[in-house]
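Participant: Pasting data20.txt below, which is compact mmCIF, C-alpha atoms.
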```txt
# COMPACT_ATOMS: atom_id res chain seq x y z
CA MET A 1 105.34 75.62 83.73
CA VAL A 2 104.10 72.34 82.22
CA VAL A 3 103.73 72.59 78.44
CA THR A 4 100.28 71.32 77.50
CA GLN A 5 98.83 70.94 74.01
CA GLU A 6 97.31 74.44 74.29
CA ASN A 7 100.78 75.92 74.77
CA VAL A 8 102.22 74.34 71.63
CA ALA A 9 102.07 76.11 68.27
CA VAL A 10 101.31 74.39 64.97
CA ASP A 11 105.02 74.05 64.15
CA GLY A 12 105.64 72.30 67.48
CA SER A 13 107.35 75.25 69.18
CA ARG A 14 106.29 76.37 72.66
CA ARG A 15 103.72 79.20 72.65
CA SER A 16 103.92 81.95 75.29
CA SER A 17 101.19 82.01 77.91
CA PRO A 18 99.61 85.23 79.25
CA GLN A 19 101.76 84.78 82.37
CA ASP A 20 104.91 84.52 80.22
CA ILE A 21 103.99 87.72 78.38
CA ALA A 22 103.24 89.59 81.61
CA ASP A 23 106.53 88.41 83.17
CA ALA A 24 108.51 89.50 80.10
CA LEU A 25 106.94 92.97 80.14
CA ARG A 26 107.50 93.28 83.91
CA GLU A 27 111.18 92.53 83.37
CA ARG A 28 111.42 95.23 80.68
CA ILE A 29 109.85 97.71 83.09
CA ARG A 30 112.17 96.65 85.90
CA ALA A 31 115.24 96.91 83.65
CA GLY A 32 114.26 100.37 82.43
CA GLU A 33 113.62 99.33 78.82
CA LEU A 34 110.07 100.57 79.34
CA ARG A 35 109.94 103.76 81.37
CA PRO A 36 107.05 105.57 83.09
CA GLY A 37 104.99 107.34 80.45
CA ASP A 38 106.14 105.10 77.57
CA ARG A 39 103.47 103.54 75.39
CA LEU A 40 103.38 99.78 75.03
CA PRO A 41 103.35 98.29 71.53
CA THR A 42 99.87 97.61 70.16
CA GLN A 43 98.13 94.34 71.00
CA ALA A 44 98.68 93.23 67.41
CA GLU A 45 102.42 93.92 67.67
CA LEU A 46 102.68 92.09 71.00
CA ALA A 47 100.68 89.16 69.65
CA GLU A 48 103.06 88.90 66.69
CA GLU A 49 106.15 89.23 68.90
CA PHE A 50 105.08 86.47 71.31
CA GLY A 51 103.35 84.30 68.71
CA VAL A 52 99.96 84.30 70.40
CA GLU A 53 96.40 85.40 69.83
CA ARG A 54 95.34 88.85 70.98
CA GLY A 55 93.26 87.29 73.78
CA ALA A 56 96.46 86.11 75.49
CA VAL A 57 97.91 89.63 75.19
CA ARG A 58 94.78 91.15 76.73
CA GLN A 59 95.02 88.76 79.70
CA ALA A 60 98.66 89.76 80.23
CA LEU A 61 97.80 93.47 80.08
CA ARG A 62 95.00 92.98 82.62
CA ALA A 63 97.48 91.33 84.98
CA LEU A 64 99.88 94.26 84.64
CA GLN A 65 97.02 96.69 85.13
CA ASP A 66 95.97 94.90 88.34
CA ASP A 67 99.54 95.27 89.57
CA GLY A 68 99.40 99.03 88.98
CA LEU A 69 102.05 98.94 86.26
CA LEU A 70 99.90 100.33 83.44
CA SER A 71 97.86 103.50 83.08
CA ASN A 72 95.51 104.89 80.42
CA VAL A 73 94.24 101.39 79.73
CA SER A 74 91.50 101.65 77.10
CA LYS A 75 90.34 100.00 73.94
CA GLY A 76 91.32 102.98 71.82
CA SER A 77 95.09 103.07 72.22
CA PRO A 78 97.96 101.12 73.79
CA PRO A 79 98.35 101.71 77.53
CA ARG A 80 101.25 103.60 79.04
CA ILE A 81 103.68 102.50 81.71
CA ALA A 82 102.39 103.94 84.99
CA GLU A 83 104.36 106.56 86.84
CA ALA A 84 106.40 105.08 89.65
CA THR A 85 104.43 104.88 92.85
CA PRO A 86 106.22 106.55 95.77
CA VAL A 87 107.74 103.97 98.08
CA ARG A 88 105.50 103.61 101.10
CA GLU A 89 107.13 104.21 104.43
CA GLU A 90 108.04 101.19 106.47
CA PRO A 91 105.43 100.11 109.03
CA GLN A 92 105.75 102.16 112.22
CA PRO A 93 104.88 101.27 115.83
CA THR A 94 101.31 102.36 116.53
CA MET A 95 102.31 105.08 118.99
CA VAL A 96 104.66 106.56 116.37
CA GLY A 97 102.70 106.04 113.17
CA LEU A 98 99.12 106.74 114.19
CA ALA A 99 99.33 110.43 115.12
CA PRO A 100 100.40 111.73 111.67
CA ARG A 101 97.78 109.59 109.93
CA LEU A 102 95.08 110.92 112.25
CA THR A 103 96.31 114.47 111.71
CA GLU A 104 95.96 114.07 107.96
CA ALA A 105 92.49 112.54 108.40
CA PHE A 106 91.38 115.51 110.52
CA GLY A 107 92.17 117.76 107.58
CA ALA A 108 88.93 116.59 105.96
CA ARG A 109 85.76 118.67 106.20
CA ARG A 110 83.90 115.76 107.76
CA VAL A 111 86.07 113.35 109.74
CA ARG A 112 85.08 109.71 110.23
CA ILE A 113 87.25 107.44 112.38
CA ASP A 114 86.31 103.80 113.06
CA VAL A 115 88.44 101.74 115.44
CA VAL A 116 88.67 98.16 116.69
CA CYS A 117 90.95 97.84 119.73
CA HIS A 118 91.29 96.49 123.28
CA THR A 119 91.34 99.86 124.99
CA ALA A 120 91.43 103.42 123.68
CA GLU A 121 94.87 104.14 125.15
CA THR A 122 96.82 104.50 121.90
CA LEU A 123 94.03 106.39 120.18
CA MET A 124 93.66 108.69 123.19
CA VAL A 125 97.34 109.65 123.00
CA ALA A 126 97.66 109.84 119.20
CA ILE A 127 94.59 112.01 118.73
CA GLY A 128 96.23 114.68 120.88
CA GLU A 129 98.13 116.05 117.84
CA PRO A 130 95.10 116.87 115.65
CA LEU A 131 93.28 118.22 118.71
CA ARG A 132 96.23 120.53 119.40
CA LEU A 133 96.11 121.84 115.83
CA ILE A 134 92.38 122.48 116.14
CA HIS A 135 92.88 124.41 119.38
CA GLU A 136 95.59 126.45 117.62
CA ASP A 137 93.06 127.20 114.83
CA ARG A 138 95.32 125.53 112.27
CA MET A 139 92.56 123.16 111.16
CA ARG A 140 88.80 123.22 111.58
CA PRO A 141 86.68 120.25 110.47
CA GLU A 142 82.93 120.76 110.43
CA ALA A 143 82.12 117.38 111.96
CA VAL A 144 83.92 114.52 113.69
CA ASP A 145 82.33 111.08 113.98
CA VAL A 146 84.25 108.45 115.96
CA ARG A 147 83.06 104.86 116.48
CA ILE A 148 85.03 102.46 118.67
CA LEU A 149 84.62 98.72 119.17
CA VAL A 150 86.19 97.23 122.31
CA PRO A 151 85.67 93.87 124.03
CA SER A 152 82.70 93.47 126.30
CA ARG A 153 83.23 93.42 130.06
CA ASP A 154 81.12 90.24 130.23
CA ILE A 155 83.35 87.93 128.19
CA SER A 156 86.39 85.91 129.22
CA LEU A 157 89.16 87.70 127.36
CA ALA A 158 91.74 85.66 125.49
CA PHE A 159 94.20 88.32 126.65
CA PRO A 160 95.24 89.95 128.87
CA VAL A 161 94.98 86.89 131.08
CA SER A 162 96.76 85.66 134.18
CA VAL A 163 99.52 83.10 133.59
CA GLN A 164 97.96 81.03 136.37
CA GLY A 165 94.55 81.13 134.73
CA ARG A 166 91.35 82.86 135.74
CA GLY A 167 90.30 82.78 139.34
CA GLU A 168 87.20 83.95 141.18
CA ASP A 169 88.86 87.32 141.81
CA ASP A 170 90.29 88.05 138.38
CA ALA A 171 92.56 91.02 139.03
CA VAL A 172 93.92 91.01 135.46
CA HIS A 173 90.43 91.38 134.03
CA GLN A 174 89.54 94.09 136.53
CA ARG A 175 92.69 96.03 135.65
CA TRP A 176 91.86 95.83 131.93
CA LEU A 177 88.27 96.92 132.55
CA GLU A 178 89.28 99.97 134.57
CA MET A 179 91.81 100.97 131.87
CA ARG A 180 89.25 100.48 129.09
CA ASN A 181 86.68 102.65 130.82
CA ALA A 182 89.02 105.41 132.02
CA GLN A 183 90.78 105.82 128.68
CA GLY A 184 87.51 105.77 126.78
CA GLN A 185 86.06 108.46 129.01
CA VAL A 186 89.10 110.71 128.54
CA LEU A 187 89.00 110.25 124.77
CA ARG A 188 85.29 111.01 124.60
CA HIS A 189 85.64 114.07 126.84
CA ASN A 190 88.52 115.52 124.82
CA LEU A 191 86.65 115.10 121.54
CA GLN A 192 83.27 116.31 122.74
CA ALA A 193 84.90 119.41 124.20
CA LEU A 194 85.39 120.57 120.60
CA ARG A 195 81.65 121.13 120.38
CA ALA A 196 81.77 123.78 123.11
CA THR A 197 85.11 125.37 122.23
CA HIS A 198 84.95 125.36 118.42
CA GLY A 199 81.37 124.57 117.46
CA ILE A 200 82.38 121.32 115.77
CA ASP A 201 79.63 118.69 115.43
CA VAL A 202 81.21 115.78 117.37
CA HIS A 203 79.79 112.30 117.91
CA VAL A 204 81.68 109.60 119.85
CA ALA A 205 80.16 106.15 120.31
CA PHE A 206 81.36 102.88 121.81
CA ARG A 207 80.00 99.38 121.32
CA ALA A 208 81.04 96.08 122.91
CA LEU A 209 82.45 93.12 121.00
CA PRO A 210 81.53 89.58 122.08
CA PHE A 211 85.08 88.39 121.36
CA THR A 212 88.74 89.37 121.82
CA PRO A 213 90.01 90.95 118.59
CA PRO A 214 93.46 89.59 117.57
CA VAL A 215 94.27 92.78 115.64
CA LYS A 216 93.75 96.50 115.97
CA LEU A 217 92.20 98.36 113.07
CA TYR A 218 91.88 102.08 112.33
CA LEU A 219 89.68 103.20 109.42
CA LEU A 220 90.21 106.84 108.44
CA ASN A 221 87.55 108.61 106.37
CA GLY A 222 86.94 105.46 104.35
CA GLU A 223 90.23 106.20 102.57
CA GLU A 224 92.83 104.39 104.64
CA ALA A 225 92.99 101.28 106.80
CA LEU A 226 95.74 100.82 109.38
CA LEU A 227 96.15 97.26 110.64
CA GLY A 228 98.31 96.08 113.53
CA TYR A 229 98.69 92.63 115.07
CA TYR A 230 98.49 92.18 118.82
CA THR A 231 101.58 90.14 119.70
CA LEU A 232 101.44 88.50 123.11
CA THR A 233 104.19 88.56 125.68
CA ARG A 234 104.50 87.51 129.28
CA ARG A 235 105.01 90.42 131.65
CA GLU A 236 104.51 91.54 135.23
CA GLU A 237 102.87 94.70 136.51
CA ASP A 238 102.15 96.07 139.95
CA TRP A 239 98.47 96.82 140.34
CA GLY A 240 96.24 97.21 143.40
CA GLY A 241 98.97 96.19 145.82
CA GLU A 242 99.86 92.94 144.02
CA THR A 243 102.07 91.85 141.17
CA LEU A 244 100.16 90.58 138.17
CA ASP A 245 101.89 87.90 136.12
CA MET A 246 100.06 87.85 132.79
CA TYR A 247 100.04 87.29 129.08
CA ASP A 248 99.37 90.65 127.49
CA ALA A 249 99.90 92.65 124.31
CA LEU A 250 101.55 96.04 124.17
CA GLY A 251 99.34 97.59 121.54
CA SER A 252 101.38 100.79 121.26
CA LYS A 253 104.28 98.74 119.86
CA SER A 254 102.24 96.88 117.24
CA LEU A 255 103.46 97.70 113.73
CA LEU A 256 100.82 99.48 111.67
CA PHE A 257 100.41 98.44 108.05
CA SER A 258 98.76 101.04 105.82
CA PHE A 259 96.34 100.33 102.98
CA THR A 260 94.82 103.18 100.96
CA GLN A 261 92.15 103.57 98.32
CA ARG A 262 94.83 105.10 96.08
CA GLY A 263 97.28 102.26 96.57
CA GLY A 264 96.03 100.04 93.75
CA ARG A 265 93.19 97.56 93.45
CA ARG A 266 94.34 95.24 96.21
CA ASP A 267 94.80 98.05 98.72
CA ALA A 268 91.48 99.61 97.76
CA ALA A 269 89.71 96.27 98.15
CA PHE A 270 91.26 95.82 101.59
CA VAL A 271 90.03 99.24 102.72
CA THR A 272 86.54 98.64 101.34
CA GLU A 273 86.20 95.16 102.83
CA SER A 274 87.58 96.31 106.20
CA GLN A 275 84.95 99.05 106.31
CA LYS A 276 82.22 96.51 105.45
CA TRP A 277 83.50 94.23 108.22
CA PHE A 278 83.44 97.03 110.78
CA ASP A 279 79.98 98.22 109.74
CA ALA A 280 78.59 94.70 109.92
CA LEU A 281 79.95 94.20 113.44
CA TRP A 282 78.60 97.58 114.54
CA GLU A 283 75.12 96.84 113.23
CA THR A 284 74.75 93.17 114.26
CA ILE A 285 76.42 91.27 117.10
CA THR A 286 77.91 94.15 119.12
CA THR A 287 76.00 95.63 122.07
CA ASP A 288 75.56 98.99 123.76
CA LEU A 289 78.44 99.89 126.03
CA THR A 290 78.47 102.15 129.08
CA LEU A 291 81.88 103.36 130.24
CA SER A 292 81.57 103.18 134.00
```
What does this structure look like when you write it as structure tokens?

Facilitator:
Amino acid sequence: MVVTQENVAVDGSRRSSPQDIADALRERIRAGELRPGDRLPTQAELAEEFGVERGAVRQALRALQDDGLLSNVSKGSPPRIAEATPVREEPQPTMVGLAPRLTEAFGARRVRIDVVCHTAETLMVAIGEPLRLIHEDRMRPEAVDVRILVPSRDISLAFPVSVQGRGEDDAVHQRWLEMRNAQGQVLRHNLQALRATHGIDVHVAFRALPFTPPVKLYLLNGEEALLGYYTLTRREEDWGGETLDMYDALGSKSLLFSFTQRGGRRDAAFVTESQKWFDALWETITTDLTLS
């Protein structure tokens, strides 16, 4: 860091910045000198140790608080070192990681699932686990509200798309459209059947996006956001008596990254902003969608 006049004490020695103080305390936490539950020294003691004003100490403590390293932060007493946060599992492929997250979400009294995707294939498969538990009477939510955003049939998709480009008879687009509709219908049928079999208040709604989403997003009860990137690959598939050579994404293999409201300020902000983004799309530029 460049030493400016503000970082120089009266005697000419270098004065610690808030970043220096935060880094020094982080290192003590990492090295085990400060353990979970330990109290930090008072602001006055830290100010004396680092040769700074209390304002610099407060800035350093705010930085550590934002990083989730401090708890019991208040004006009345020194904060404590936060308990170690359990290490989050590594990102899992969507087909592997989504089912247990949905199962946990369905444990709520009122379930709310919002999804942005290309088709409902992965969701259709993954939701089978919580549905099985409901049919076995091992869980019983009162209400289930599912909202799904998928691309409109009327746009030129960025993908999947033929390697040769779009022609008058776009078989790649027709294949995608048939998959989108069929999988959406199965998903809706399986969920709405809970109304007749278990008396659960179920609502399933689809709306059409005017663009091709580059990511898939699952929002679970406003508490967790699962984000996966669609990674394109060139592949061939037999469909309708011909071989389709196309650029496509295998959504079931996309790694899901989890963000939770309990995962610290940054995670919580991501969940909140993702929900705002979804709600804004739902209420503005998306259109009614009929699966047919």

Participant: Can you list, as a ChimeraX atom specification, every protein, DNA or RNA residue that comes within 8 Å of Leu227 of chain A when you count all atoms listed in the file, leaving out same-chain residues fewer than 6 positions away?

Facilitator: /A:215-218,255-258

Participant: Write the selection just made, keeping C-alpha atoms, as a compact mmCIF listing (two decimals), in the coordinates of the input?

Facilitator:
```txt
# COMPACT_ATOMS: atom_id res chain seq x y z
CA VAL A 215 94.27 92.78 115.64
CA LYS A 216 93.75 96.50 115.97
CA LEU A 217 92.20 98.36 113.07
CA TYR A 218 91.88 102.08 112.33
CA LEU A 255 103.46 97.70 113.73
CA LEU A 256 100.82 99.48 111.67
CA PHE A 257 100.41 98.44 108.05
CA SER A 258 98.76 101.04 105.82
```

Participant: Taking 4 positions as the minimum chain separation for residues in the same chain, which residues sit within 12 Å of segment 92-99 of chain A when counting all atoms listed in the file? Answer as a ChimeraX atom specification.

Facilitator: /A:88,103-106,115,117,120-133,215-220,224-230,250-258

Participant: Neighbours of Val204 of chain A within 10 Å (all atoms listed in the file; same-chain residues fewer than 6 positions away dropped), as number ranges by chain?

Facilitator: A: 113, 144-148, 184, 187-189, 191-192

Participant: Using only C-alpha atoms, which residue out of A:Asp169, A:Leu34, A:Arg153, A:Ile134 lies closest to Ala193 of chain A?

Facilitator: A:Ile134

Participant: Can you tell me, as a PyMOL selection string, what residues are no more than 7 Å from segment 61-70 of chain A when counting all atoms listed in the file, ignoring any on the same chain fewer than 3 positions away?

Facilitator: chain A and resi 22+57-58+73+79-82+264-265

Participant: Can you measure atom CA of Thr272 of chain A to atom CA of Asn221 of chain A for me? One decimal in Å is fine.

Facilitator: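 Taking atom CA of Thr272 of chain A as the start and atom CA of Asn221 of chain A as the end point, the length is 11.2 Å.
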
Participant: Within 12 Å of Glu237 of chain A, counting all atoms listed in the file, which residues qualify if same-chain residues fewer than 2 places away don't, as a PyMOL selection string?

Facilitator: chain A and resi 160+162+171-172+175-176+234-235+239-248

Participant: Output C-alpha atoms for every residue in the selection just made, as a JSON list (two decimals), in the frame of the given file.

Facilitator:
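Saved as selection36.json:
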```
[["chain", "number", "residue", "atom", "x", "y", "z"],
["A", 160, "PRO", "CA", 95.24, 89.95, 128.87],
["A", 162, "SER", "CA", 96.76, 85.66, 134.18],
["A", 171, "ALA", "CA", 92.56, 91.02, 139.03],
["A", 172, "VAL", "CA", 93.92, 91.01, 135.46],
["A", 175, "ARG", "CA", 92.69, 96.03, 135.65],
["A", 176, "TRP", "CA", 91.86, 95.83, 131.93],
["A", 234, "ARG", "CA", 104.50, 87.51, 129.28],
["A", 235, "ARG", "CA", 105.01, 90.42, 131.65],
["A", 239, "TRP", "CA", 98.47, 96.82, 140.34],
["A", 240, "GLY", "CA", 96.24, 97.21, 143.40],
["A", 241, "GLY", "CA", 98.97, 96.19, 145.82],
["A", 242, "GLU", "CA", 99.86, 92.94, 144.02],
["A", 243, "THR", "CA", 102.07, 91.85, 141.17],
["A", 244, "LEU", "CA", 100.16, 90.58, 138.17],
["A", 245, "ASP", "CA", 101.89, 87.90, 136.12],
["A", 246, "MET", "CA", 100.06, 87.85, 132.79],
["A", 247, "TYR", "CA", 100.04, 87.29, 129.08],
["A", 248, "ASP", "CA", 99.37, 90.65, 127.49]]
```

Participant: Find the residues with any atom within 8 Å of (83.5, 93.9, 119.1); use all atoms listed in the file and the coordinates as given in the file, and write the answer as a list of chain:residue names.

Facilitator: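 Answer for this query, in the requested form: A:Val116, A:Leu149, A:Val150, A:Pro151, A:Ser152, A:Arg207, A:Ala208, A:Leu209, A:Pro210, A:Phe211, A:Thr212, A:Pro213, A:Leu281, A:Trp282, A:Ile285, A:Thr286.
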
Participant: Mind giving me the straight-line distance from atom CA of Thr287 of chain A to atom CA of Val163 of chain A in Å, one decimal?

Facilitator: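 Taking atom CA of Thr287 of chain A as the start and atom CA of Val163 of chain A as the end point, the length is 29.0 Å.
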
Participant: In Å to one decimal, how far is atom CA of Gln19 of chain A from atom CA of Glu48 of chain A?

Facilitator: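 Distance reported for this atom pair: 16.3 Å.
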
Participant: Which is closest to Val111 of chain A among A:Gly55, A:Pro91, A:Ser156, A:Pro141, if we use all atoms listed in the file?

Facilitator: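 The answer is A:Pro141, which sits nearest to Val111 of chain A.
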